[in-house]
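Working notes, beginning with the structure itself.
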Amino acid sequence: TRRLLAVAQVTSTGNVNQNFEHCRELVRRASERGCAMLCLPEAFDYLGAPKEETLKMAQTIDGELIQKYRQLSKQHKMWLSLGGFHEKILDDTTHIYNTHLILDDEGEIKSIYRKIHLFDVEIPNGPSLRESDSTQSGKQIITTPSTPLGTLGSTVCYDLRFPELFTSLKKSGAQCILVPSAFTLTTGKDHWEVLLRARAIENQCYIAAAAQIGKHNEKRESFGHACIIDPWGRVLACCSDKTNEIAVAEIDLDYIQDVESRIPVFKHRRPDIYGEIL
């Protein structure tokens, strides 16, 4: 089975309507290219607002913004990965969820993943970011079966640094793992591609990583380089250093079995020695 997949690269700001218009244009472009699915990056809804503003702007899953994206996916008959939006928590006014939704080509919500690993890091010569100050951690590993691209595994950004999650997704049947991100410039230039390729090679699956790029405000800048990687670890497609771009690649699910048969690492695992993952 071979289908086209697109990953987006955008520069979100605090202007929700403007961000939506940019993303809507990328949905149109991906549709014109014949893509079965488009992946949008973490914080596709907005980024760069002060903490209090960020909390105030958050919407529920049944709010206006997600309804607009549901209409878009239905209009273009295309699956959408809405990766890392600010989900309002009704009984907690001081925290949100960082939520990754998968929509089918009828605009129906097929899965809801809430980011597990929160980014609380002081980056040398970079920003100090404490996601847990305003975000609740998710508690569930989420896969989405029966999509045009096989079974999808959902993650968000910082999750990339935790190989156990990716192995758990693979063992749950994931054939393509989505990593919508807003990697900082400092960490991205040294860690982004090597981590993505490592996760693809370790788990013998496709990795699709939509990305934020450029300056969101005076303090926050993202690395970009949205890309799609195959189960052998090859970069199939990658965005340039410009904003409002998509990268498109063909996903061949049969190739996963080819790679698994060449190097059958999952048959050679030794949980009797180092413990089981899921």
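Numbering starts fresh at 1 for the residues of each chain in the structure tokens, the chains themselves are lettered A, B, ... in the order given, and ligands are numbered from 1 as they appear.
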
Do you have, as a Markdown table, the list of residues of stretch 210-278 of chain A lying at most 12 Å from stretch 154-169 of chain A, each with its nearest atom pair and that distance in Å to one decimal, counting only C-alpha atoms and ordered by chain then number?
| residue | atom | partner | partner_atom | distance |
| --- | --- | --- | --- | --- |
| A:Ala210 | CA | A:Cys157 | CA | 9.5 |
| A:Ala211 | CA | A:Cys157 | CA | 8.9 |
| A:Gln212 | CA | A:Cys157 | CA | 10.4 |
| A:Ser222 | CA | A:Cys157 | CA | 11.6 |
| A:Phe223 | CA | A:Cys157 | CA | 12.0 |
| A:Gly224 | CA | A:Cys157 | CA | 11.8 |
| A:Ala226 | CA | A:Cys157 | CA | 11.7 |
| A:Val265 | CA | A:Thr167 | CA | 11.5 |
| A:Phe266 | CA | A:Thr167 | CA | 9.7 |
| A:Arg269 | CA | A:Thr167 | CA | 11.3 |
| A:Gly275 | CA | A:Glu164 | CA | 11.6 |
| A:Glu276 | CA | A:Ser168 | CA | 9.8 |
| A:Ile277 | CA | A:Ser168 | CA | 6.2 |
| A:Leu278 | CA | A:Ser168 | CA | 5.5 |

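Excluding A:Leu26 and any residue on its chain fewer than 6 positions from it, the residues at most 10 Å away by only C-alpha atoms are Ala6, Val7, Ala8, Gln9, Val10, Phe20, Glu32, Leu38, Cys39, Leu40, Asn244, Glu245 and Ile246 of chain A.
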
Report as a PyMOL selection string: the residues of stretch 37-266 of chain A with a DSSP assignment of strand (DSSP E or B), based on the backbone of this structure.
chain A and resi 37-40+59+79-88+96-103+109-114+120-122+128-130+135-136+143-147+150-154+176-178+181+184+206-209+211-215+221-223+227-229+235-238+245-252

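Considering only C-alpha atoms, the residue among A:Asp252, A:Thr99, A:Val259, A:Ile207 positioned nearest to A:Ala237 is A:Ile207.
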
Members of stretch 21-173 of chain A assigned alpha helix (DSSP H) by DSSP, as a PyMOL selection string
chain A and resi 21-32+51-57+64-76+163-171

Export of the given selection (N, CA and C atoms) as a short mmCIF file (atom, residue, chain, number, x, y, z; two decimals), in the first residue's frame:
data_model
loop_
_atom_site.label_atom_id
_atom_site.label_comp_id
_atom_site.auth_asym_id
_atom_site.auth_seq_id
_atom_site.Cartn_x
_atom_site.Cartn_y
_atom_site.Cartn_z
N GLU A 21 -5.27 30.75 8.82
CA GLU A 21 -5.24 31.01 7.37
C GLU A 21 -4.01 30.40 6.72
N HIS A 22 -2.86 30.51 7.41
CA HIS A 22 -1.64 29.88 6.89
C HIS A 22 -1.80 28.37 6.79
N CYS A 23 -2.36 27.76 7.83
CA CYS A 23 -2.54 26.30 7.83
C CYS A 23 -3.57 25.88 6.80
N ARG A 24 -4.61 26.67 6.63
CA ARG A 24 -5.63 26.33 5.63
C ARG A 24 -5.03 26.29 4.22
N GLU A 25 -4.13 27.22 3.94
CA GLU A 25 -3.47 27.23 2.63
C GLU A 25 -2.62 25.98 2.44
N LEU A 26 -1.96 25.51 3.51
CA LEU A 26 -1.14 24.30 3.41
C LEU A 26 -2.01 23.06 3.23
N VAL A 27 -3.18 23.05 3.85
CA VAL A 27 -4.13 21.94 3.62
C VAL A 27 -4.52 21.91 2.14
N ARG A 28 -4.80 23.08 1.59
CA ARG A 28 -5.18 23.16 0.17
C ARG A 28 -4.05 22.63 -0.72
N ARG A 29 -2.81 23.03 -0.41
CA ARG A 29 -1.66 22.59 -1.22
C ARG A 29 -1.46 21.08 -1.13
N ALA A 30 -1.57 20.55 0.08
CA ALA A 30 -1.41 19.10 0.26
C ALA A 30 -2.50 18.35 -0.48
N SER A 31 -3.71 18.89 -0.47
CA SER A 31 -4.83 18.28 -1.19
C SER A 31 -4.56 18.27 -2.69
N GLU A 32 -4.05 19.39 -3.20
CA GLU A 32 -3.73 19.48 -4.63
C GLU A 32 -2.66 18.47 -5.04
N LYS A 51 2.21 33.61 29.38
CA LYS A 51 1.55 32.46 30.01
C LYS A 51 0.06 32.71 30.28
N GLU A 52 -0.25 33.87 30.87
CA GLU A 52 -1.65 34.16 31.22
C GLU A 52 -2.52 34.20 29.96
N GLU A 53 -1.97 34.79 28.90
CA GLU A 53 -2.69 34.88 27.62
C GLU A 53 -2.86 33.50 27.01
N THR A 54 -1.82 32.69 27.10
CA THR A 54 -1.85 31.33 26.56
C THR A 54 -2.99 30.53 27.19
N LEU A 55 -3.13 30.64 28.50
CA LEU A 55 -4.19 29.92 29.21
C LEU A 55 -5.56 30.46 28.81
N LYS A 56 -5.66 31.77 28.69
CA LYS A 56 -6.95 32.40 28.38
C LYS A 56 -7.42 32.06 26.97
N MET A 57 -6.47 31.92 26.04
CA MET A 57 -6.81 31.66 24.64
C MET A 57 -7.17 30.20 24.36
N GLU A 64 -14.51 26.32 18.74
CA GLU A 64 -14.61 26.86 17.37
C GLU A 64 -13.44 26.46 16.47
N LEU A 65 -12.21 26.51 17.01
CA LEU A 65 -11.04 26.26 16.15
C LEU A 65 -11.02 24.83 15.62
N ILE A 66 -11.20 23.85 16.48
CA ILE A 66 -11.15 22.46 16.03
C ILE A 66 -12.33 22.17 15.10
N GLN A 67 -13.46 22.81 15.33
CA GLN A 67 -14.59 22.67 14.39
C GLN A 67 -14.19 23.13 12.99
N LYS A 68 -13.43 24.23 12.93
CA LYS A 68 -12.99 24.74 11.62
C LYS A 68 -12.05 23.75 10.93
N TYR A 69 -11.18 23.11 11.70
CA TYR A 69 -10.28 22.11 11.11
C TYR A 69 -11.05 20.86 10.70
N ARG A 70 -12.07 20.51 11.45
CA ARG A 70 -12.89 19.36 11.07
C ARG A 70 -13.59 19.62 9.73
N GLN A 71 -14.06 20.84 9.56
CA GLN A 71 -14.67 21.22 8.28
C GLN A 71 -13.66 21.17 7.14
N LEU A 72 -12.43 21.63 7.43
CA LEU A 72 -11.36 21.60 6.42
C LEU A 72 -11.06 20.18 5.94
N SER A 73 -10.92 19.27 6.89
CA SER A 73 -10.58 17.89 6.51
C SER A 73 -11.71 17.27 5.69
N LYS A 74 -12.94 17.59 6.07
CA LYS A 74 -14.09 17.07 5.32
C LYS A 74 -14.15 17.68 3.92
N GLN A 75 -13.91 18.99 3.84
CA GLN A 75 -13.95 19.71 2.56
C GLN A 75 -12.93 19.14 1.57
N HIS A 76 -11.72 18.85 2.08
CA HIS A 76 -10.63 18.39 1.20
C HIS A 76 -10.51 16.87 1.17
N PRO A 163 12.81 6.99 24.06
CA PRO A 163 12.66 5.87 23.12
C PRO A 163 11.67 4.81 23.61
N GLU A 164 11.47 4.73 24.94
CA GLU A 164 10.52 3.74 25.46
C GLU A 164 9.12 3.97 24.90
N LEU A 165 8.72 5.23 24.76
CA LEU A 165 7.39 5.55 24.22
C LEU A 165 7.27 5.07 22.78
N PHE A 166 8.31 5.28 21.99
CA PHE A 166 8.29 4.89 20.58
C PHE A 166 8.26 3.36 20.44
N THR A 167 9.02 2.69 21.28
CA THR A 167 9.00 1.22 21.26
C THR A 167 7.63 0.70 21.67
N SER A 168 7.02 1.35 22.66
CA SER A 168 5.67 0.96 23.09
C SER A 168 4.67 1.15 21.95
N LEU A 169 4.81 2.25 21.21
CA LEU A 169 3.92 2.49 20.07
C LEU A 169 4.12 1.44 18.98
N LYS A 170 5.39 1.13 18.69
CA LYS A 170 5.69 0.10 17.69
C LYS A 170 5.07 -1.24 18.10
N LYS A 171 5.23 -1.60 19.37
CA LYS A 171 4.71 -2.88 19.85
C LYS A 171 3.18 -2.88 19.90
#

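Every protein, DNA or RNA residue with an atom at most 6 Å from stretch 126-139 of chain A, where only C-alpha atoms count and chain neighbours fewer than 2 positions away do not, is listed here: His95, Ile96, Tyr97, Arg114, Lys115, Ile116, Leu118, Phe119, Asp120, Val121, Glu122, Ile123 and Pro124 of chain A.
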
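In this comparison, which uses only C-alpha atoms, the residue of A:Ala174, A:Ile229, A:Leu80, A:Val16 approaching A:Ala49 most closely is A:Val16.
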
Restricting to only C-alpha atoms, whichever of A:Ser81, A:Ser240, A:Asn217, A:Thr144 is closest to A:Leu103 is A:Ser81

Which residues are near stretch 262-264 of chain A? Cut-off 12 Å, only C-alpha atoms, ignore same chain within fewer than 6 positions. Put them as a ChimeraX atom specification.
/A:201-204,231-232,255-256

Include all heavy atoms and write out the residues we just selected as a compact mmCIF listing (two decimals), in the first residue's frame.
# COMPACT_ATOMS: atom_id res chain seq x y z
N ILE A 201 14.98 4.10 12.84
CA ILE A 201 15.84 2.92 12.70
C ILE A 201 15.55 1.91 13.81
O ILE A 201 15.40 0.71 13.56
CB ILE A 201 17.33 3.32 12.71
CG1 ILE A 201 17.66 4.15 11.46
CG2 ILE A 201 18.22 2.09 12.79
CD1 ILE A 201 18.98 4.90 11.56
N GLU A 202 15.47 2.38 15.05
CA GLU A 202 15.22 1.49 16.20
C GLU A 202 13.91 0.73 16.06
O GLU A 202 13.82 -0.46 16.40
CB GLU A 202 15.13 2.31 17.49
CG GLU A 202 16.43 2.89 17.99
CD GLU A 202 16.20 4.00 19.01
OE1 GLU A 202 15.05 4.43 19.21
OE2 GLU A 202 17.20 4.44 19.61
N ASN A 203 12.89 1.42 15.55
CA ASN A 203 11.54 0.86 15.54
C ASN A 203 11.08 0.40 14.16
O ASN A 203 9.96 -0.08 14.01
CB ASN A 203 10.56 1.86 16.14
CG ASN A 203 10.87 2.12 17.59
OD1 ASN A 203 10.71 1.25 18.43
ND2 ASN A 203 11.35 3.33 17.90
N GLN A 204 11.95 0.58 13.17
CA GLN A 204 11.67 0.09 11.81
C GLN A 204 10.28 0.53 11.35
O GLN A 204 9.45 -0.26 10.91
CB GLN A 204 11.84 -1.43 11.77
CG GLN A 204 13.25 -1.84 12.16
CD GLN A 204 13.47 -3.33 12.20
OE1 GLN A 204 12.59 -4.09 12.59
NE2 GLN A 204 14.66 -3.78 11.80
N PRO A 231 11.70 3.62 7.33
CA PRO A 231 12.12 2.67 8.36
C PRO A 231 13.60 2.29 8.33
O PRO A 231 14.09 1.67 9.28
CB PRO A 231 11.24 1.43 8.06
CG PRO A 231 10.07 1.95 7.30
CD PRO A 231 10.61 3.08 6.49
N TRP A 232 14.29 2.64 7.26
CA TRP A 232 15.73 2.40 7.18
C TRP A 232 16.52 3.59 7.72
O TRP A 232 17.73 3.55 7.81
CB TRP A 232 16.12 2.10 5.73
CG TRP A 232 17.49 1.53 5.54
CD1 TRP A 232 18.58 2.15 5.01
CD2 TRP A 232 17.93 0.20 5.89
NE1 TRP A 232 19.66 1.31 4.99
CE2 TRP A 232 19.29 0.09 5.53
CE3 TRP A 232 17.30 -0.90 6.46
CZ2 TRP A 232 20.03 -1.07 5.73
CZ3 TRP A 232 18.04 -2.07 6.66
CH2 TRP A 232 19.38 -2.13 6.30
N TYR A 255 7.20 -1.85 2.70
CA TYR A 255 8.64 -1.68 2.94
C TYR A 255 9.00 -1.92 4.41
O TYR A 255 10.12 -2.34 4.72
CB TYR A 255 9.06 -0.27 2.51
CG TYR A 255 10.54 0.00 2.66
CD1 TYR A 255 11.48 -0.79 2.01
CD2 TYR A 255 11.01 1.05 3.46
CE1 TYR A 255 12.84 -0.56 2.16
CE2 TYR A 255 12.35 1.30 3.61
CZ TYR A 255 13.27 0.49 2.97
OH TYR A 255 14.61 0.72 3.12
N ILE A 256 8.05 -1.68 5.30
CA ILE A 256 8.30 -1.93 6.73
C ILE A 256 8.64 -3.41 6.93
O ILE A 256 9.61 -3.75 7.62
CB ILE A 256 7.07 -1.54 7.57
CG1 ILE A 256 6.82 -0.03 7.48
CG2 ILE A 256 7.26 -1.95 9.04
CD1 ILE A 256 5.52 0.43 8.11

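Counting only C-alpha atoms, stretch 145-153 of chain A has the following residues at most 7 Å away, ignoring those fewer than 6 positions along the same chain: Arg3, Ala36, Leu169, Gly173, Ala174, Gln175, Cys176, Ile177, Leu178 and Ile251 of chain A.
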